[in-house]
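Chemist: Pasting a structure below so you can have a look.
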Amino acid sequence: MTVEPDWVTVVADVIAAVCLLLGAFLALAAGVGVLRFGNLLARMHAVTKPQVLGLILLLVAVALRVRSWSAVTLLALVIVFQLATSPVAAHMVGRAAFRTGKVSPGDLEVDDLSRDENADYPEDFARQD
Amino acid sequence: MVVVVTIAAVLLVVAAVLAVVRIERGPSMLDRTVAFDVLTTTLVGTIAVEAAWSRRTETIPILVVLSLVGFLGSVVIARFAARESDEALPRPAEDALAEHEERATAKAEQREAAVDSEHHGGSAPGEVR
C-alpha cells in the first residue's frame, strides 16, 4: 500500500464530510416533500432528489473515506443500478397512477398520454395512408 | 468527523420518520410506494454514512442489494396497482374522461383562435391524432 501524505487524507475527509452533509440534506428534503406535497406526481418529484444526486454524494463520501479500488467498483455499481432503475420505477409508478385515475387531468399542462391511450391506432394509421 | 456524521445521521433519521408517516397516511398504494422509495434510499444512505464513518467496506454489498430490491418493490406494486384498476376506481373513469375531453376541446379552440390560419402550417405528416 502506498503511503499518502497527511494533507491528502485531510482534504479527502473534508470533501467527504461536505458530501455527507449535502446527501443527508437531500434525503431530508425528500422526506419533507413526500410528507407535505399534495398529490402523487409532486411527491414523485420530491423523491427523485436523494435517489440519484443524494445517493451519489453519499457514495462519493464513502469512496473518499475508504479509498480502495474494490470498494469504489462496488459503489460505482450501486450508482449505475440506481441510475438505470429509478427512471423505470418512476415511469411505472406514474403510469399506474395515471391509469388508475389518481392523476387529475386538470393538473396537467400537456397531456399526451391519455390522447395516445384513447387513440384507436389501426384506424388512425389507415386513415393517414 | 463525529459532528458531521451525527448531523447526517439525524437528517437521515428525520427523513425516514417523515417517509414512515407518509406510508402510514397513504392515501393510495402508490403514495406508499413512493414513500417507501424514500425509506429505502434513506436506509442506503444510513449504511453509507456508517461505512464512511468507520472506513469499513463489508457493508457495501448491502447497498447493491438494497438498491435492486427497492426497484423491484416499486415495479411490482406499480403493476399490481395497474391490475387492480378495473375493480375499484377512486372516481368514475368516464367522468374523468369527459371532463378531460371538455378541457381539451376548450384548449384546442383557444389555440385555434390564437393562430392565424394563413400562417399556420397545419399538423405534421404522420402525427397521431
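Going by the C-alpha cells order, chains are called A, B, ..., each with residues numbered from 1, while ligands are numbered from 1 in the order shown.
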Show me, as a PDB file with C-alpha atoms, in the first residue's frame, every residue of chain A with an atom at most 8 Å from chain B, counting only C-alpha atoms.

Modeler:
```
ATOM      1  CA  ASP A  13     -12.010  13.807   4.621  1.00  0.00           C
ATOM      2  CA  ALA A  17     -17.796  15.498   5.100  1.00  0.00           C
ATOM      3  CA  LEU A  20     -22.193  13.510   3.547  1.00  0.00           C
ATOM      4  CA  LEU A  21     -23.947  16.645   4.746  1.00  0.00           C
ATOM      5  CA  GLY A  23     -26.518  13.960   0.682  1.00  0.00           C
ATOM      6  CA  ALA A  24     -28.227  13.756   4.057  1.00  0.00           C
ATOM      7  CA  PHE A  25     -29.802  17.161   3.469  1.00  0.00           C
ATOM      8  CA  ALA A  27     -32.667  12.935   1.892  1.00  0.00           C
ATOM      9  CA  LEU A  28     -34.307  15.244   4.425  1.00  0.00           C
ATOM     10  CA  ALA A  29     -35.685  17.407   1.620  1.00  0.00           C
ATOM     11  CA  ALA A  30     -37.237  14.312   0.062  1.00  0.00           C
ATOM     12  CA  GLY A  31     -38.748  13.308   3.403  1.00  0.00           C
ATOM     13  CA  VAL A  32     -40.313  16.752   3.855  1.00  0.00           C
ATOM     14  CA  VAL A  34     -43.067  13.360   0.402  1.00  0.00           C
ATOM     15  CA  LEU A  35     -44.978  14.333   3.506  1.00  0.00           C
ATOM     16  CA  LEU A  40     -48.751  11.812  -6.197  1.00  0.00           C
ATOM     17  CA  ARG A  43     -44.352  13.542  -4.308  1.00  0.00           C
ATOM     18  CA  MET A  44     -42.605  11.607  -7.057  1.00  0.00           C
ATOM     19  CA  VAL A  47     -38.454  11.549  -4.188  1.00  0.00           C
ATOM     20  CA  PRO A  50     -31.976  11.613  -2.808  1.00  0.00           C
ATOM     21  CA  GLN A  51     -32.472   8.691  -5.170  1.00  0.00           C
ATOM     22  CA  LEU A  55     -27.045   8.721  -3.248  1.00  0.00           C
ATOM     23  CA  LEU A  58     -23.130   9.810  -0.057  1.00  0.00           C
ATOM     24  CA  LEU A  59     -21.330   7.115  -2.027  1.00  0.00           C
ATOM     25  CA  ALA A  61     -18.158  10.347   0.557  1.00  0.00           C
ATOM     26  CA  VAL A  62     -17.753   6.639   1.307  1.00  0.00           C
ATOM     27  CA  ALA A  63     -15.289   6.270  -1.561  1.00  0.00           C
ATOM     28  CA  ARG A  65     -13.137   7.802   3.195  1.00  0.00           C
ATOM     29  CA  VAL A  66     -12.343   4.209   2.236  1.00  0.00           C
ATOM     30  CA  ALA A  71     -14.908  -0.570  -2.732  1.00  0.00           C
ATOM     31  CA  LEU A  74     -18.941  -1.717  -5.892  1.00  0.00           C
ATOM     32  CA  LEU A  75     -20.042   1.846  -5.186  1.00  0.00           C
ATOM     33  CA  LEU A  77     -22.087  -0.460  -9.442  1.00  0.00           C
ATOM     34  CA  VAL A  78     -24.661   0.850  -6.952  1.00  0.00           C
ATOM     35  CA  PHE A  81     -28.004   0.326 -10.860  1.00  0.00           C
ATOM     36  CA  GLN A  82     -29.727   3.304  -9.332  1.00  0.00           C
ATOM     37  CA  THR A  85     -33.617   1.517 -12.349  1.00  0.00           C
ATOM     38  CA  SER A  86     -35.038   4.674 -10.812  1.00  0.00           C
ATOM     39  CA  VAL A  88     -38.021   2.782 -14.882  1.00  0.00           C
ATOM     40  CA  ALA A  89     -39.623   2.589 -11.452  1.00  0.00           C
ATOM     41  CA  MET A  92     -44.126   2.519 -13.908  1.00  0.00           C
ATOM     42  CA  VAL A  93     -45.490   4.261 -10.825  1.00  0.00           C
ATOM     43  CA  ALA A  96     -50.054   3.169 -12.924  1.00  0.00           C
ATOM     44  CA  ALA A  97     -51.204   6.338 -11.167  1.00  0.00           C
ATOM     45  CA  ARG A  99     -54.317   4.580 -15.418  1.00  0.00           C
ATOM     46  CA  THR A 100     -55.960   4.203 -12.044  1.00  0.00           C
ATOM     47  CA  GLY A 101     -57.236   7.780 -12.203  1.00  0.00           C
ATOM     48  CA  LYS A 102     -55.084   9.199  -9.434  1.00  0.00           C
ATOM     49  CA  SER A 104     -56.425  14.579 -12.252  1.00  0.00           C
ATOM     50  CA  PRO A 105     -56.302  15.805 -15.858  1.00  0.00           C
ATOM     51  CA  GLY A 106     -56.777  19.377 -14.670  1.00  0.00           C
ATOM     52  CA  ARG A 115     -54.630  11.072 -26.050  1.00  0.00           C
ATOM     53  CA  ASP A 116     -52.364   8.205 -27.033  1.00  0.00           C
ATOM     54  CA  ALA A 119     -56.422   6.714 -29.729  1.00  0.00           C
ATOM     55  CA  ASP A 124     -55.829   6.251 -37.449  1.00  0.00           C
ATOM     56  CA  PHE A 125     -52.953   4.735 -39.296  1.00  0.00           C
ATOM     57  CA  GLN A 128     -53.388   8.620 -42.928  1.00  0.00           C
TER      58      GLN A 128
END
```

Chemist: Do you have the CA of Arg111 (chain B)-CA of Ala98 (chain B) distance handy?

Modeler: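 Taking CA of Arg111 (chain B) as the start and CA of Ala98 (chain B) as the end point, the length is 19.8 Å.
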
Chemist: Identify all residues of region 8-124 of chain A in alpha helix (DSSP H) (DSSP on the backbone) and supply them as a PyMOL selection string.

Modeler: chain A and resi 8-36+40-49+55-66+69-99+112-118+121-124

Chemist: Mind dumping the selected residues with C-alpha atoms as a PDB file, in the first residue's frame?

Modeler:
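The file below, part_9.pdb, is the result:
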```pdb
ATOM      1  CA  VAL A   8      -4.290  14.173   1.136  1.00  0.00           C
ATOM      2  CA  THR A   9      -6.193  12.407   3.873  1.00  0.00           C
ATOM      3  CA  VAL A  10      -7.322  15.689   5.396  1.00  0.00           C
ATOM      4  CA  VAL A  11      -8.540  17.107   2.092  1.00  0.00           C
ATOM      5  CA  ALA A  12     -10.345  13.875   1.207  1.00  0.00           C
ATOM      6  CA  ASP A  13     -12.010  13.807   4.621  1.00  0.00           C
ATOM      7  CA  VAL A  14     -13.194  17.397   4.305  1.00  0.00           C
ATOM      8  CA  ILE A  15     -14.681  16.753   0.863  1.00  0.00           C
ATOM      9  CA  ALA A  16     -16.279  13.573   2.194  1.00  0.00           C
ATOM     10  CA  ALA A  17     -17.796  15.498   5.100  1.00  0.00           C
ATOM     11  CA  VAL A  18     -19.312  18.078   2.748  1.00  0.00           C
ATOM     12  CA  CYS A  19     -20.704  15.295   0.527  1.00  0.00           C
ATOM     13  CA  LEU A  20     -22.193  13.510   3.547  1.00  0.00           C
ATOM     14  CA  LEU A  21     -23.947  16.645   4.746  1.00  0.00           C
ATOM     15  CA  LEU A  22     -25.300  17.505   1.295  1.00  0.00           C
ATOM     16  CA  GLY A  23     -26.518  13.960   0.682  1.00  0.00           C
ATOM     17  CA  ALA A  24     -28.227  13.756   4.057  1.00  0.00           C
ATOM     18  CA  PHE A  25     -29.802  17.161   3.469  1.00  0.00           C
ATOM     19  CA  LEU A  26     -31.225  15.977   0.140  1.00  0.00           C
ATOM     20  CA  ALA A  27     -32.667  12.935   1.892  1.00  0.00           C
ATOM     21  CA  LEU A  28     -34.307  15.244   4.425  1.00  0.00           C
ATOM     22  CA  ALA A  29     -35.685  17.407   1.620  1.00  0.00           C
ATOM     23  CA  ALA A  30     -37.237  14.312   0.062  1.00  0.00           C
ATOM     24  CA  GLY A  31     -38.748  13.308   3.403  1.00  0.00           C
ATOM     25  CA  VAL A  32     -40.313  16.752   3.855  1.00  0.00           C
ATOM     26  CA  GLY A  33     -41.511  16.781   0.241  1.00  0.00           C
ATOM     27  CA  VAL A  34     -43.067  13.360   0.402  1.00  0.00           C
ATOM     28  CA  LEU A  35     -44.978  14.333   3.506  1.00  0.00           C
ATOM     29  CA  ARG A  36     -46.021  17.860   2.566  1.00  0.00           C
ATOM     30  CA  LEU A  40     -48.751  11.812  -6.197  1.00  0.00           C
ATOM     31  CA  LEU A  41     -46.806  13.397  -9.044  1.00  0.00           C
ATOM     32  CA  ALA A  42     -45.491  16.167  -6.797  1.00  0.00           C
ATOM     33  CA  ARG A  43     -44.352  13.542  -4.308  1.00  0.00           C
ATOM     34  CA  MET A  44     -42.605  11.607  -7.057  1.00  0.00           C
ATOM     35  CA  HIS A  45     -40.828  14.813  -7.984  1.00  0.00           C
ATOM     36  CA  ALA A  46     -39.560  15.160  -4.422  1.00  0.00           C
ATOM     37  CA  VAL A  47     -38.454  11.549  -4.188  1.00  0.00           C
ATOM     38  CA  THR A  48     -36.015  11.693  -7.081  1.00  0.00           C
ATOM     39  CA  LYS A  49     -33.590  14.022  -5.282  1.00  0.00           C
ATOM     40  CA  LEU A  55     -27.045   8.721  -3.248  1.00  0.00           C
ATOM     41  CA  ILE A  56     -24.151   9.752  -5.495  1.00  0.00           C
ATOM     42  CA  LEU A  57     -22.964  12.300  -2.924  1.00  0.00           C
ATOM     43  CA  LEU A  58     -23.130   9.810  -0.057  1.00  0.00           C
ATOM     44  CA  LEU A  59     -21.330   7.115  -2.027  1.00  0.00           C
ATOM     45  CA  VAL A  60     -18.638   9.579  -3.130  1.00  0.00           C
ATOM     46  CA  ALA A  61     -18.158  10.347   0.557  1.00  0.00           C
ATOM     47  CA  VAL A  62     -17.753   6.639   1.307  1.00  0.00           C
ATOM     48  CA  ALA A  63     -15.289   6.270  -1.561  1.00  0.00           C
ATOM     49  CA  LEU A  64     -13.235   9.233  -0.303  1.00  0.00           C
ATOM     50  CA  ARG A  65     -13.137   7.802   3.195  1.00  0.00           C
ATOM     51  CA  VAL A  66     -12.343   4.209   2.236  1.00  0.00           C
ATOM     52  CA  TRP A  69     -10.441   0.309  -5.640  1.00  0.00           C
ATOM     53  CA  SER A  70     -12.584  -2.733  -4.819  1.00  0.00           C
ATOM     54  CA  ALA A  71     -14.908  -0.570  -2.732  1.00  0.00           C
ATOM     55  CA  VAL A  72     -15.051   2.107  -5.433  1.00  0.00           C
ATOM     56  CA  THR A  73     -16.020  -0.544  -8.001  1.00  0.00           C
ATOM     57  CA  LEU A  74     -18.941  -1.717  -5.892  1.00  0.00           C
ATOM     58  CA  LEU A  75     -20.042   1.846  -5.186  1.00  0.00           C
ATOM     59  CA  ALA A  76     -19.964   2.652  -8.899  1.00  0.00           C
ATOM     60  CA  LEU A  77     -22.087  -0.460  -9.442  1.00  0.00           C
ATOM     61  CA  VAL A  78     -24.661   0.850  -6.952  1.00  0.00           C
ATOM     62  CA  ILE A  79     -24.780   4.193  -8.760  1.00  0.00           C
ATOM     63  CA  VAL A  80     -25.163   2.516 -12.157  1.00  0.00           C
ATOM     64  CA  PHE A  81     -28.004   0.326 -10.860  1.00  0.00           C
ATOM     65  CA  GLN A  82     -29.727   3.304  -9.332  1.00  0.00           C
ATOM     66  CA  LEU A  83     -29.395   5.404 -12.481  1.00  0.00           C
ATOM     67  CA  ALA A  84     -30.744   2.549 -14.595  1.00  0.00           C
ATOM     68  CA  THR A  85     -33.617   1.517 -12.349  1.00  0.00           C
ATOM     69  CA  SER A  86     -35.038   4.674 -10.812  1.00  0.00           C
ATOM     70  CA  PRO A  87     -36.370   6.122 -14.108  1.00  0.00           C
ATOM     71  CA  VAL A  88     -38.021   2.782 -14.882  1.00  0.00           C
ATOM     72  CA  ALA A  89     -39.623   2.589 -11.452  1.00  0.00           C
ATOM     73  CA  ALA A  90     -40.798   6.205 -11.628  1.00  0.00           C
ATOM     74  CA  HIS A  91     -42.236   5.594 -15.094  1.00  0.00           C
ATOM     75  CA  MET A  92     -44.126   2.519 -13.908  1.00  0.00           C
ATOM     76  CA  VAL A  93     -45.490   4.261 -10.825  1.00  0.00           C
ATOM     77  CA  GLY A  94     -46.527   7.341 -12.783  1.00  0.00           C
ATOM     78  CA  ARG A  95     -48.241   5.300 -15.484  1.00  0.00           C
ATOM     79  CA  ALA A  96     -50.054   3.169 -12.924  1.00  0.00           C
ATOM     80  CA  ALA A  97     -51.204   6.338 -11.167  1.00  0.00           C
ATOM     81  CA  PHE A  98     -52.452   7.736 -14.471  1.00  0.00           C
ATOM     82  CA  ARG A  99     -54.317   4.580 -15.418  1.00  0.00           C
ATOM     83  CA  ASP A 112     -50.150  13.285 -24.392  1.00  0.00           C
ATOM     84  CA  LEU A 113     -50.651  10.016 -22.556  1.00  0.00           C
ATOM     85  CA  SER A 114     -54.440   9.972 -22.419  1.00  0.00           C
ATOM     86  CA  ARG A 115     -54.630  11.072 -26.050  1.00  0.00           C
ATOM     87  CA  ASP A 116     -52.364   8.205 -27.033  1.00  0.00           C
ATOM     88  CA  GLU A 117     -54.114   5.688 -24.837  1.00  0.00           C
ATOM     89  CA  ASN A 118     -57.538   6.669 -26.112  1.00  0.00           C
ATOM     90  CA  TYR A 121     -54.420   3.131 -33.618  1.00  0.00           C
ATOM     91  CA  PRO A 122     -55.297   0.852 -36.549  1.00  0.00           C
ATOM     92  CA  GLU A 123     -57.990   3.206 -37.860  1.00  0.00           C
ATOM     93  CA  ASP A 124     -55.829   6.251 -37.449  1.00  0.00           C
TER      94      ASP A 124
END
```

Chemist: Record the distance separating CA of Glu109 (chain B) and CA of Val103 (chain A), expressed in Å with one decimal.

Modeler: 23.9 Å
